Structures are given as structure tokens and as C-alpha cells.
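Peer 1: Sharing target07.cif here; it has mmCIF, C-alpha atoms and all ligand atoms.
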data_coords
loop_
_atom_site.label_atom_id
_atom_site.label_comp_id
_atom_site.auth_asym_id
_atom_site.auth_seq_id
_atom_site.Cartn_x
_atom_site.Cartn_y
_atom_site.Cartn_z
CA MET A 1 0.92 -25.93 -18.66
CA PHE A 2 4.45 -25.84 -17.27
CA LYS A 3 4.14 -28.31 -14.40
CA GLY A 4 4.12 -25.74 -11.64
CA GLN A 5 6.72 -23.49 -13.23
CA LYS A 6 5.77 -19.82 -13.37
CA VAL A 7 5.79 -17.93 -16.65
CA SER A 8 7.17 -14.51 -17.57
CA PHE A 9 6.16 -12.86 -20.86
CA SER A 10 7.00 -9.49 -22.35
CA GLY A 11 7.49 -7.77 -25.68
CA VAL A 12 9.07 -4.77 -27.36
CA GLN A 13 7.93 -3.13 -30.59
CA PRO A 14 10.52 -2.88 -33.37
CA SER A 15 9.09 0.52 -34.25
CA GLY A 16 12.16 2.68 -33.67
CA ASN A 17 15.63 2.66 -32.17
CA LEU A 18 15.41 1.37 -28.62
CA THR A 19 16.08 3.81 -25.80
CA ILE A 20 17.56 3.58 -22.32
CA GLY A 21 13.89 3.81 -21.18
CA ASN A 22 13.18 0.48 -22.93
CA TYR A 23 16.36 -0.92 -21.43
CA LEU A 24 15.94 0.20 -17.82
CA GLY A 25 12.15 -0.07 -17.68
CA ALA A 26 11.87 -3.45 -19.38
CA ILE A 27 14.60 -5.41 -21.24
CA ARG A 28 17.19 -5.31 -18.46
CA ASN A 29 14.68 -6.90 -16.10
CA PHE A 30 13.66 -9.76 -18.40
CA LYS A 31 16.77 -11.72 -17.44
CA GLU A 32 15.82 -11.74 -13.77
CA TYR A 33 13.17 -14.37 -14.53
CA SER A 34 15.30 -16.61 -16.77
CA GLU A 35 16.51 -18.80 -13.92
CA GLN A 36 13.26 -19.79 -12.27
CA TYR A 37 10.50 -19.01 -14.73
CA LYS A 38 9.60 -20.27 -18.15
CA THR A 39 10.21 -17.09 -20.15
CA PHE A 40 8.87 -15.82 -23.47
CA TYR A 41 10.21 -12.58 -24.91
CA CYS A 42 8.75 -11.47 -28.16
CA VAL A 43 9.54 -8.89 -30.84
CA VAL A 44 6.02 -7.56 -31.38
CA ASP A 45 6.08 -6.61 -35.06
CA GLU A 46 2.28 -6.92 -35.42
CA HIS A 47 1.82 -4.18 -32.85
CA ALA A 48 4.24 -1.97 -34.77
CA ILE A 49 2.01 -1.75 -37.88
CA THR A 50 -0.70 0.13 -35.99
CA VAL A 51 1.44 3.08 -37.08
CA ARG A 52 2.70 3.17 -40.70
CA GLN A 53 6.10 1.52 -41.07
CA VAL A 54 8.54 1.40 -43.97
CA PRO A 55 8.70 -2.39 -44.62
CA ALA A 56 12.50 -2.51 -45.04
CA ASP A 57 12.96 -0.60 -41.77
CA LEU A 58 10.53 -2.86 -39.90
CA ARG A 59 12.37 -5.95 -41.17
CA ARG A 60 15.79 -4.54 -40.20
CA ARG A 61 14.58 -3.48 -36.75
CA THR A 62 13.10 -6.91 -36.12
CA TYR A 63 16.56 -8.45 -36.53
CA GLU A 64 18.08 -5.65 -34.46
CA THR A 65 15.63 -6.10 -31.60
CA LEU A 66 16.30 -9.83 -31.42
CA ALA A 67 20.08 -9.16 -31.46
CA LEU A 68 19.58 -6.61 -28.69
CA TYR A 69 17.61 -9.08 -26.55
CA MET A 70 20.55 -11.43 -26.79
CA ALA A 71 23.09 -8.64 -26.20
CA CYS A 72 21.21 -7.72 -23.01
CA GLY A 73 21.97 -11.20 -21.72
CA LEU A 74 18.96 -13.23 -22.80
CA ASP A 75 20.32 -16.63 -23.71
CA PRO A 76 18.09 -18.30 -26.33
CA GLU A 77 18.72 -21.67 -24.68
CA ARG A 78 17.07 -20.42 -21.48
CA ASN A 79 14.49 -18.04 -22.91
CA THR A 80 12.08 -18.44 -25.79
CA LEU A 81 12.95 -15.46 -28.00
CA TYR A 82 10.79 -15.04 -31.08
CA VAL A 83 8.95 -12.78 -33.51
CA GLN A 84 5.21 -12.31 -32.99
CA SER A 85 4.10 -12.57 -36.64
CA MET A 86 5.79 -15.99 -36.92
CA VAL A 87 3.27 -17.42 -34.42
CA HIS A 88 -0.17 -16.93 -35.98
CA GLU A 89 -1.98 -17.92 -32.75
CA HIS A 90 -1.43 -14.36 -31.44
CA ALA A 91 -3.60 -12.78 -34.12
CA GLU A 92 -6.18 -15.55 -33.86
CA LEU A 93 -6.64 -15.28 -30.10
CA ALA A 94 -6.71 -11.48 -30.43
CA TRP A 95 -9.87 -11.75 -32.57
CA ILE A 96 -11.53 -13.95 -29.99
CA LEU A 97 -10.56 -11.60 -27.15
CA ASN A 98 -11.94 -8.65 -29.11
CA CYS A 99 -15.32 -10.25 -28.53
CA PHE A 100 -14.68 -10.19 -24.77
CA THR A 101 -13.43 -6.58 -24.63
CA MET A 102 -15.72 -3.60 -24.32
CA PHE A 103 -15.62 -0.55 -26.57
CA GLY A 104 -15.66 1.67 -23.47
CA GLU A 105 -12.63 -0.10 -21.99
CA LEU A 106 -10.56 0.43 -25.14
CA SER A 107 -11.70 4.06 -25.39
CA ARG A 108 -10.23 4.77 -21.96
CA MET A 109 -6.69 3.64 -22.84
CA THR A 110 -4.39 6.65 -22.51
CA GLN A 111 -1.95 5.33 -25.12
CA PHE A 112 -4.79 5.14 -27.66
CA LYS A 113 -5.75 8.73 -26.89
CA ASP A 114 -2.12 9.91 -27.21
CA LYS A 115 -1.38 7.97 -30.38
CA SER A 116 -4.61 8.96 -32.09
CA ALA A 117 -3.81 12.60 -31.36
CA ARG A 118 -0.32 12.16 -32.84
CA HIS A 119 -1.48 10.18 -35.88
CA ALA A 120 -4.78 11.94 -36.57
CA ASP A 121 -4.62 10.94 -40.26
CA ASN A 122 -4.48 7.21 -39.43
CA ILE A 123 -6.70 6.34 -36.46
CA ASN A 124 -7.14 2.75 -37.62
CA ALA A 125 -9.06 -0.01 -35.86
CA GLY A 126 -5.77 -1.76 -35.02
CA LEU A 127 -4.64 1.23 -32.98
CA PHE A 128 -7.89 0.96 -31.05
CA THR A 129 -7.80 -2.81 -30.48
CA TYR A 130 -4.03 -2.92 -29.87
CA PRO A 131 -4.53 -3.84 -26.17
CA THR A 132 -6.48 -6.99 -27.08
CA LEU A 133 -3.56 -8.19 -29.21
CA MET A 134 -1.34 -7.49 -26.23
CA ALA A 135 -3.74 -9.47 -24.01
CA ALA A 136 -3.58 -12.35 -26.50
CA ASP A 137 0.26 -12.28 -26.38
CA ILE A 138 0.19 -12.58 -22.62
CA LEU A 139 -2.69 -15.02 -22.14
CA LEU A 140 -1.54 -17.54 -24.79
CA TYR A 141 1.31 -18.58 -22.50
CA GLN A 142 -0.62 -18.72 -19.20
CA THR A 143 1.62 -15.90 -18.00
CA ASP A 144 2.11 -15.06 -14.32
CA VAL A 145 4.32 -11.96 -14.59
CA VAL A 146 4.75 -9.29 -17.23
CA PRO A 147 7.89 -7.17 -16.72
CA VAL A 148 7.13 -3.73 -18.19
CA GLY A 149 7.61 -0.01 -17.65
CA VAL A 150 4.86 2.02 -16.04
CA ASP A 151 3.28 3.14 -19.33
CA GLN A 152 2.17 -0.45 -20.06
CA VAL A 153 0.50 -1.09 -16.71
CA GLN A 154 -2.90 0.11 -17.92
CA HIS A 155 -2.77 -2.43 -20.77
CA VAL A 156 -1.82 -5.27 -18.41
CA GLU A 157 -4.71 -4.27 -16.11
CA LEU A 158 -7.07 -4.48 -19.06
CA CYS A 159 -5.61 -7.90 -19.92
CA ARG A 160 -6.45 -9.02 -16.36
CA ASP A 161 -10.02 -7.77 -16.77
CA ILE A 162 -10.37 -9.64 -20.07
CA ALA A 163 -8.95 -12.84 -18.55
CA ASN A 164 -11.27 -12.61 -15.55
CA ARG A 165 -14.28 -11.97 -17.76
CA PHE A 166 -13.44 -14.94 -19.99
CA ASN A 167 -12.78 -17.19 -16.97
CA GLN A 168 -16.12 -16.24 -15.45
CA ILE A 169 -17.93 -17.47 -18.53
CA HIS A 170 -15.53 -20.37 -19.27
CA PRO A 171 -13.86 -21.30 -15.98
CA ASP A 172 -10.16 -22.16 -15.65
CA THR A 173 -9.08 -20.97 -19.07
CA PHE A 174 -6.45 -18.31 -18.43
CA THR A 175 -3.91 -17.54 -15.73
CA VAL A 176 -4.51 -13.95 -14.60
CA PRO A 177 -1.18 -12.11 -15.04
CA GLU A 178 0.41 -9.35 -13.05
CA ALA A 179 2.56 -6.43 -14.25
CA VAL A 180 5.95 -6.23 -12.52
CA LEU A 181 7.87 -2.96 -12.48
CA PRO A 182 11.53 -2.31 -11.70
CA LYS A 183 12.11 -0.60 -8.34
CA ASN A 184 14.12 2.05 -10.09
CA GLY A 185 13.66 3.09 -13.74
CA LYS A 186 10.01 2.30 -14.32
CA LYS A 187 9.56 5.63 -16.07
CA ILE A 188 12.61 7.28 -17.61
CA MET A 189 11.79 10.81 -18.73
CA SER A 190 12.78 12.83 -21.81
CA LEU A 191 16.05 14.78 -21.46
CA SER A 192 14.60 17.92 -23.05
CA GLU A 193 11.07 17.82 -21.61
CA PRO A 194 11.44 15.94 -18.33
CA GLU A 195 7.69 15.97 -17.65
CA LYS A 196 7.30 13.65 -20.66
CA LYS A 197 8.25 9.96 -20.94
CA MET A 198 11.40 9.22 -22.97
CA SER A 199 10.04 7.66 -26.15
CA LYS A 200 11.61 5.96 -29.17
CA SER A 201 9.21 7.88 -31.41
CA ASP A 202 10.29 11.32 -30.14
CA GLU A 203 11.28 13.51 -33.07
CA ASN A 204 13.94 15.35 -31.10
CA PRO A 205 17.00 13.06 -30.94
CA ASN A 206 18.47 15.10 -28.07
CA ALA A 207 15.52 14.16 -25.87
CA VAL A 208 16.37 10.49 -26.12
CA VAL A 209 19.42 8.35 -25.38
CA TYR A 210 19.44 5.27 -27.57
CA ILE A 211 20.96 2.02 -26.35
CA LEU A 212 23.23 2.08 -29.39
CA ASP A 213 24.36 5.72 -29.19
CA ASP A 214 28.15 6.05 -29.14
CA ARG A 215 29.99 7.32 -26.07
CA ASP A 216 30.47 10.92 -27.30
CA THR A 217 26.83 11.22 -28.31
CA ILE A 218 25.65 9.90 -24.95
CA ILE A 219 27.85 12.36 -23.04
CA ARG A 220 26.81 15.25 -25.28
CA LYS A 221 23.09 14.48 -24.83
CA PHE A 222 23.40 14.38 -21.03
CA LYS A 223 25.39 17.64 -21.04
CA ARG A 224 22.46 19.29 -22.83
CA ALA A 225 19.79 17.75 -20.60
CA VAL A 226 17.27 20.26 -19.25
CA THR A 227 17.58 20.76 -15.47
CA ASP A 228 16.58 23.85 -13.45
CA SER A 229 17.94 27.16 -12.25
CA GLU A 230 19.30 25.79 -8.95
CA SER A 231 22.51 23.81 -8.58
CA GLU A 232 21.57 21.19 -6.01
CA VAL A 233 21.57 17.51 -6.99
CA ARG A 234 18.44 16.52 -5.08
CA PHE A 235 15.75 13.95 -5.87
CA ALA A 236 12.36 15.72 -6.00
CA PRO A 237 10.46 14.60 -9.12
CA ASP A 238 7.69 17.22 -8.89
CA GLU A 239 9.92 20.16 -8.12
CA LYS A 240 13.04 19.14 -10.04
CA PRO A 241 11.95 16.66 -12.75
CA GLY A 242 15.08 17.03 -14.90
CA VAL A 243 17.64 16.47 -12.13
CA SER A 244 15.54 13.72 -10.55
CA ASN A 245 15.44 11.86 -13.86
CA LEU A 246 19.23 12.10 -14.14
CA ILE A 247 19.59 10.82 -10.57
CA THR A 248 17.37 7.85 -11.44
CA ILE A 249 19.42 7.06 -14.55
CA TYR A 250 22.71 7.36 -12.67
CA SER A 251 21.44 5.17 -9.89
CA CYS A 252 20.18 2.52 -12.35
CA PHE A 253 23.47 2.33 -14.20
CA THR A 254 25.80 2.44 -11.18
CA GLY A 255 23.70 0.44 -8.71
CA LYS A 256 24.06 3.30 -6.18
CA THR A 257 20.96 4.37 -4.27
CA ILE A 258 19.29 7.76 -4.73
CA GLU A 259 20.66 8.89 -1.33
CA GLU A 260 24.20 7.77 -2.16
CA THR A 261 23.96 9.69 -5.42
CA GLU A 262 22.74 12.85 -3.68
CA ARG A 263 25.62 12.56 -1.19
CA GLU A 264 28.22 11.93 -3.88
CA PHE A 265 27.29 15.15 -5.71
CA ALA A 266 26.53 17.37 -2.71
CA GLY A 267 28.15 20.77 -3.21
CA ARG A 268 29.17 19.96 -6.80
CA GLY A 269 27.47 21.67 -9.74
CA TYR A 270 25.23 20.22 -12.44
CA GLY A 271 28.12 20.22 -14.95
CA ASP A 272 30.07 17.59 -13.01
CA PHE A 273 26.95 15.58 -12.33
CA LYS A 274 25.77 15.50 -15.96
CA LEU A 275 29.21 14.36 -17.10
CA ALA A 276 29.17 11.57 -14.52
CA VAL A 277 25.69 10.42 -15.65
CA GLY A 278 26.87 10.37 -19.28
CA GLU A 279 30.01 8.40 -18.42
CA ALA A 280 28.16 5.89 -16.24
CA THR A 281 25.58 5.33 -18.99
CA ALA A 282 28.22 4.92 -21.71
CA ASP A 283 30.26 2.53 -19.52
CA ALA A 284 27.25 0.36 -18.77
CA LEU A 285 26.08 0.23 -22.38
CA ALA A 286 29.51 -0.46 -23.94
CA PRO A 287 29.49 -4.26 -23.39
CA VAL A 288 25.87 -4.49 -24.60
CA GLN A 289 26.85 -2.61 -27.77
CA THR A 290 29.84 -4.89 -28.41
CA ARG A 291 27.79 -8.05 -28.05
CA TYR A 292 24.99 -6.52 -30.14
CA ARG A 293 27.34 -5.90 -33.08
CA GLU A 294 28.59 -9.48 -32.95
CA PHE A 295 25.08 -10.95 -32.89
CA LEU A 296 23.74 -8.63 -35.57
CA ALA A 297 26.57 -9.57 -37.94
CA ASP A 298 25.49 -13.23 -37.78
CA ARG A 299 22.24 -13.15 -39.70
CA ALA A 300 22.10 -16.93 -40.17
CA MET A 301 22.32 -17.42 -36.39
CA LEU A 302 19.55 -14.84 -35.82
CA GLU A 303 17.32 -16.53 -38.38
CA SER A 304 17.89 -19.92 -36.85
CA GLN A 305 17.02 -18.49 -33.40
CA MET A 306 13.87 -16.94 -34.87
CA LYS A 307 12.79 -20.32 -36.23
CA LYS A 308 13.62 -22.17 -33.04
CA GLY A 309 11.85 -19.56 -30.88
CA ALA A 310 8.74 -19.58 -33.07
CA MET A 311 8.56 -23.37 -32.96
CA GLU A 312 8.87 -23.42 -29.17
CA ALA A 313 6.30 -20.67 -28.70
CA THR A 314 3.88 -22.32 -31.12
CA CYS A 315 3.83 -25.53 -29.06
CA TYR A 316 2.47 -23.64 -26.04
CA ALA A 317 0.31 -21.15 -27.94
CA ARG A 318 -1.40 -23.90 -29.93
CA ASP A 319 -2.37 -25.67 -26.72
CA THR A 320 -4.07 -22.64 -25.18
CA LEU A 321 -5.80 -21.67 -28.41
CA ALA A 322 -7.18 -25.20 -28.90
CA ARG A 323 -8.60 -25.11 -25.38
CA VAL A 324 -10.19 -21.71 -25.95
CA LYS A 325 -11.77 -22.80 -29.23
CA LYS A 326 -13.19 -25.92 -27.64
CA LYS A 327 -14.70 -23.92 -24.79
CA LEU A 328 -16.27 -21.48 -27.24
CA GLY A 329 -17.95 -24.30 -29.17
CA PHE A 330 -15.87 -24.15 -32.34
CA VAL A 331 -15.98 -27.46 -34.19
CA GLN A 332 -12.54 -29.04 -34.39
CA VAL A 333 -12.49 -31.94 -36.83
CA ARG A 334 -9.09 -33.30 -37.82
P1 LIG B 401 7.16 -0.53 -26.19
O1 LIG B 401 7.80 -1.15 -27.37
O2 LIG B 401 6.63 0.85 -26.32
O3 LIG B 401 8.19 -0.51 -24.97
C1 LIG B 401 8.86 -1.69 -24.57
C2 LIG B 401 9.00 -1.70 -23.07
O4 LIG B 401 9.77 -0.56 -22.64
C3 LIG B 401 9.08 0.12 -21.59
N1 LIG B 401 9.37 1.55 -21.70
C4 LIG B 401 9.84 2.32 -20.72
N2 LIG B 401 10.15 2.04 -19.43
C5 LIG B 401 10.61 3.05 -18.66
N3 LIG B 401 10.78 4.31 -19.11
C6 LIG B 401 10.49 4.64 -20.40
N4 LIG B 401 10.67 5.88 -20.84
C7 LIG B 401 9.99 3.61 -21.25
N5 LIG B 401 9.61 3.59 -22.56
C8 LIG B 401 9.23 2.33 -22.82
C9 LIG B 401 7.60 -0.17 -21.85
O5 LIG B 401 6.83 0.01 -20.68
C10 LIG B 401 7.66 -1.61 -22.32
O6 LIG B 401 7.69 -2.49 -21.21
N6 LIG B 401 2.65 -2.63 -26.02
C11 LIG B 401 4.05 -2.79 -25.66
C12 LIG B 401 4.65 -4.04 -26.27
C13 LIG B 401 3.91 -5.30 -25.99
C14 LIG B 401 3.91 -6.02 -24.78
C15 LIG B 401 3.09 -7.16 -25.02
C16 LIG B 401 4.51 -5.82 -23.54
C17 LIG B 401 3.13 -5.98 -26.88
N7 LIG B 401 2.65 -7.08 -26.29
C18 LIG B 401 2.85 -8.09 -24.03
C19 LIG B 401 4.27 -6.76 -22.55
C20 LIG B 401 3.46 -7.87 -22.79
C21 LIG B 401 4.81 -1.60 -26.13
O7 LIG B 401 4.38 -0.87 -26.98
O8 LIG B 401 6.04 -1.49 -25.58
#
Please express the file's structure as C-alpha cells.
Ligand code: TYM
Peer 2:
Amino acid sequence: MFKGQKVSFSGVQPSGNLTIGNYLGAIRNFKEYSEQYKTFYCVVDEHAITVRQVPADLRRRTYETLALYMACGLDPERNTLYVQSMVHEHAELAWILNCFTMFGELSRMTQFKDKSARHADNINAGLFTYPTLMAADILLYQTDVVPVGVDQVQHVELCRDIANRFNQIHPDTFTVPEAVLPKNGKKIMSLSEPEKKMSKSDENPNAVVYILDDRDTIIRKFKRAVTDSESEVRFAPDEKPGVSNLITIYSCFTGKTIEETEREFAGRGYGDFKLAVGEATADALAPVQTRYREFLADRAMLESQMKKGAMEATCYARDTLARVKKKLGFVQVR
């Protein structure tokens, strides 16, 4: 589709304020592919409605997420940045892929099990078939790599299974994609319960550092982070999950290795270390926050990017969908 050029695709749900987990596990790594790959980065608003959303909040967060993509260095001239619901091919291919996905496969998805436990009053069919919409997102663009955090790997694996199954019946339809994880930061943990993933839907704001938190808030949250009863800054995720998570965050934001970080804080207490993690995080996020505010203030620019991105994405998505429909035997009379 892209004359030998590889494709990177990923998405983020505008379902809450984005966290440093979203940033370090995913968004920060999107840019890495901008130079050599054809890249598609999507604000996946259709995924967000699997859980009830306040419409005005969903709309606002959609703009915010696009502004944040750009603030994180994604240039819309080099990357196709767009909103999922503006490209109807996603929902259409998702239906088709539903017919190539097994009930048992979807039942095994850990995110479905977690979310249905958390939203027991609204276990809708969309929550269940969410991974087929995600597969449609990825497969529409003949994607090679999907930069994500570790919690999305199971969904990308299922997408591979769906693609392989479809290709077996209808050869040479989809490129089979691969999840790519950052070396460091693939799973940032909660600051108050470090055995749990940091999540934008966490109800405890102290557990989560948001990309847009101000400097004082960031430092305060790290000061309160749960650690352990020792005082040694040592990376041992099973034994010392809290401290190890802080080491990972520090290392991601400063570019220092885990070993360098351990050496730097040898013989110093947790107080010093937590302050340093807070300062490093705030320093690294400050330029992103400044650019974000500029982009968000220019609504007309964001809307014109949304239109441009949707038009670009549609050109590619339409092509794949037409091929799929033809292979399935759908009549296409124009
Ligand atoms: P979402 O919106 O939950 O998260 C967006 C991205 O952030 C990563 N992430 C994390 N990484 C490290 N540590 C954390 N604590 C952390 N929390 C979140 C996620 O792994 C993800 O990469 N279903 C997806 C969105 C999606 C998508 C796609 C992704 C829809 N279609 C197609 C890739 C390709 C989701 O809910 O991500």
C-alpha cells in the first residue's frame, strides 16, 4: 500500500486525563517512527464509549488529546493525526472482523474481565467486542508496528490471530502487525498501589501523575508515593515495587540507566530520591505543557488538522475495506 514503506499505527482513548503512563508507555514513542515509517495516530473516541461518557467531556478531551499528540512532538505534516469516528471505515471493518473472532477469544481478554468487574451495571456488547474494533483500526492501514504499553499486548496478539485467520481464508489481505514496547516504561505503576498499573480512570488522584499536572502537584504526588520500610534505592520490582517504579520513572525522564540511578542515590534516603523524581518529571513535562496550551488555544487549527487527518486516513482505509469486501463477495456496484 505504501510502496515498501513500513507503517506504524497506535491510538489513545480520550476517556480521561492522560497520565505519565500513557506518555512513557506509548505517546512518547510514537515519534520514533515518524522519520522512516508511514504513521497513523488516532484519538479513539469510539472505544471510549464502551464506558459511559459525558458527551461534552468526550468532545473536550478529543480536542485535548489531539493537542497533546502535537505537543509531544508529532508534526501533522509527517504523521496522520486524526479522530477515529471521523473515518467510518473503522466501525465497518470492525463488524466484518467480529465474524472472524471467536467468543472464547474475546472472553479471555483480561481488560474485558477487569472492566466488566468495574462496570458491572453496564457490561455492554461493545465492551466485549472492543478488541475487534482495535484490530480494525490496526489492520485498515496494513500496519507493521503498534507502539503500545504492556497492557495492550494481549489485544495486539488477538489482532494478529484475527489477521492470520482472515488471510488463511482470503490470502494476502492483511499485514500481520507486531506490538512494540519501550525498553523502559512499558508498565508504569500506581503511586499509591504500586502492584497496580497507573490508570487514567483511577479514582484516587494521588495514585496518578497526569501529563498536565502543575509542578507543585507533581512534586507533592511523588513525595506521597508509597515505598517500603527500608531506605535503599534499589531496583527489585517484586520485592520493592514502589521504589522500582520510581526508579523507572526517573530513568525514563532523565535518560539515565537503572544502575546509574541506583548509584546516584546510594546512601541517600527516600526523601531526597522522591524529590528528585518529582523535579525530573516536572522538568521534562514543562515544555510539553507549554506547547499543549498553545495548540489547545487554537481551535480552528485543531479542527483543520482533524479534517486533514481524517481525509488522509480515509484514502488508505477505503482501499483496504474495498479489498476486504470484494474478497468476501459483497456486491460493489457504482
Ligand atoms: P489507552 O487509552 O488505555 O492507553 C493508551 C496507551 O497508553 C499505554 N498505557 C501505559 N503504558 C505504560 N504504563 C501505563 N501505566 C500505561 N497506561 C496506559 C497503553 O498501553 C496504550 O498504548 N485500546 C487502547 C487504544 C487503542 C489502540 C488501538 C492502541 C484503540 N485502538 C490500536 C493501539 C492500536 C487503549 O485503551 O489505550
Peer 1: Can I get the residues close to ligand LIG 401 (chain B) as a ChimeraX atom specification, where close means within 8 Å and we count only C-alpha atoms and all ligand atoms?
Peer 2: /A:9-15,19-27,42,44,47-48,130-131,133-135,137-138,146-153,155-156,185-190,197-200
Peer 1: Just the residues within 10 Å of Asn164 of chain A, please, counting all atoms listed in the file, with nothing from its chain fewer than 4 positions along; format it as a list of chain:residue names.
Peer 2: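 The neighbour list is A:Leu158, A:Cys159, A:Arg160, A:Gln168, A:Ile169, A:His170, A:Pro171, A:Asp172, A:Thr173, A:Phe174, A:Thr175, A:Val176.
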Peer 1: Mind giving me the straight-line distance from atom CA of Thr39 of chain A to atom CA of Asn79 of chain A in Å, one decimal?
Peer 2: 5.2 Å
Peer 1: Return the single residue from A:Ile96, A:Arg220, A:Arg60, A:Val43 that is closest to Phe330 of chain A, with distances computed using all atoms listed in the file.
Peer 2: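 Once distances to Phe330 of chain A are computed over all atoms listed in the file, the minimum belongs to A:Ile96.
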Peer 1: How far is it from atom CA of Lys196 of chain A to atom CA of Phe103 of chain A, in Å with one decimal?
Peer 2: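 Value for the atom CA of Lys196 of chain A-atom CA of Phe103 of chain A distance: 27.6 Å.
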Peer 1: From the options A:Leu302, A:Leu191, A:Leu328, A:Leu97, which residue's atoms come nearest to Tyr63 of chain A, counting only C-alpha atoms?
Peer 2: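 With only C-alpha atoms as the atom set, the closest residue is A:Leu302.
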Peer 1: Would you mind telling me which residue in A:Phe112, A:Tyr33, A:Tyr41, A:Tyr316 lies nearest to Met70 of chain A when using only C-alpha atoms?
Peer 2: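 Smallest separation from Met70 of chain A among the options: A:Tyr41.
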Peer 1: What does the structure give for the distance between atom CA of Asp319 of chain A and atom CA of Ser304 of chain A, in Å to one decimal?
Peer 2: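 So the two atoms, atom CA of Asp319 of chain A and atom CA of Ser304 of chain A, lie 23.4 Å apart.
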Peer 1: So which one's closest to His88 of chain A, A:Val233, A:Ala136, A:Glu64, A:Pro205? Using only C-alpha atoms, please.
Peer 2: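 Counting only C-alpha atoms, the residue closest to His88 of chain A is A:Ala136.
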Peer 1: Determine, counting all atoms listed in the file, which protein, DNA and RNA residues have an atom within 8 Å of an atom of segment 259-273 of chain A; residues of the same chain fewer than 4 positions away are not included. Present the result as an MDAnalysis selection string.
Peer 2: chainID A and resid 223 231:235 247 250:251 277
Peer 1: Counting only C-alpha atoms, write as a PDB file with C-alpha atoms, in the coordinates of the input all protein and nucleic acid residues lying at most 12 Å from (31.5, 4.9, -17.5) in the file's frame.
Peer 2:
ATOM      1  CA  ARG A 215      29.990   7.320 -26.070  1.00  0.00           C
ATOM      2  CA  ASP A 216      30.470  10.920 -27.300  1.00  0.00           C
ATOM      3  CA  ILE A 218      25.650   9.900 -24.950  1.00  0.00           C
ATOM      4  CA  ILE A 219      27.850  12.360 -23.040  1.00  0.00           C
ATOM      5  CA  TYR A 250      22.710   7.360 -12.670  1.00  0.00           C
ATOM      6  CA  PHE A 253      23.470   2.330 -14.200  1.00  0.00           C
ATOM      7  CA  THR A 254      25.800   2.440 -11.180  1.00  0.00           C
ATOM      8  CA  LEU A 275      29.210  14.360 -17.100  1.00  0.00           C
ATOM      9  CA  ALA A 276      29.170  11.570 -14.520  1.00  0.00           C
ATOM     10  CA  VAL A 277      25.690  10.420 -15.650  1.00  0.00           C
ATOM     11  CA  GLY A 278      26.870  10.370 -19.280  1.00  0.00           C
ATOM     12  CA  GLU A 279      30.010   8.400 -18.420  1.00  0.00           C
ATOM     13  CA  ALA A 280      28.160   5.890 -16.240  1.00  0.00           C
ATOM     14  CA  THR A 281      25.580   5.330 -18.990  1.00  0.00           C
ATOM     15  CA  ALA A 282      28.220   4.920 -21.710  1.00  0.00           C
ATOM     16  CA  ASP A 283      30.260   2.530 -19.520  1.00  0.00           C
ATOM     17  CA  ALA A 284      27.250   0.360 -18.770  1.00  0.00           C
ATOM     18  CA  LEU A 285      26.080   0.230 -22.380  1.00  0.00           C
ATOM     19  CA  ALA A 286      29.510  -0.460 -23.940  1.00  0.00           C
ATOM     20  CA  PRO A 287      29.490  -4.260 -23.390  1.00  0.00           C
TER      21      PRO A 287
END
Peer 1: For Pro76 of chain A, which of A:Arg318, A:Arg165, A:Phe40, A:Lys221 is the closest residue, counting all atoms listed in the file?
Peer 2: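 The answer is A:Phe40, which sits nearest to Pro76 of chain A.
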Peer 1: Given all atoms listed in the file as the basis, pick out the residue of A:Ala67, A:Asn245, A:His90, A:Asn167 nearest to Val288 of chain A.
Peer 2: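 Looking at the shortest contact to Val288 of chain A, the residue is A:Ala67.
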Peer 1: Excluding Glu46 of chain A and residues on its chain fewer than 4 positions from it, collect all residues at most 8 Å away from it, counting all atoms listed in the file, and give them as an NGL selection string.
Peer 2: :A and (50 or 84-85)
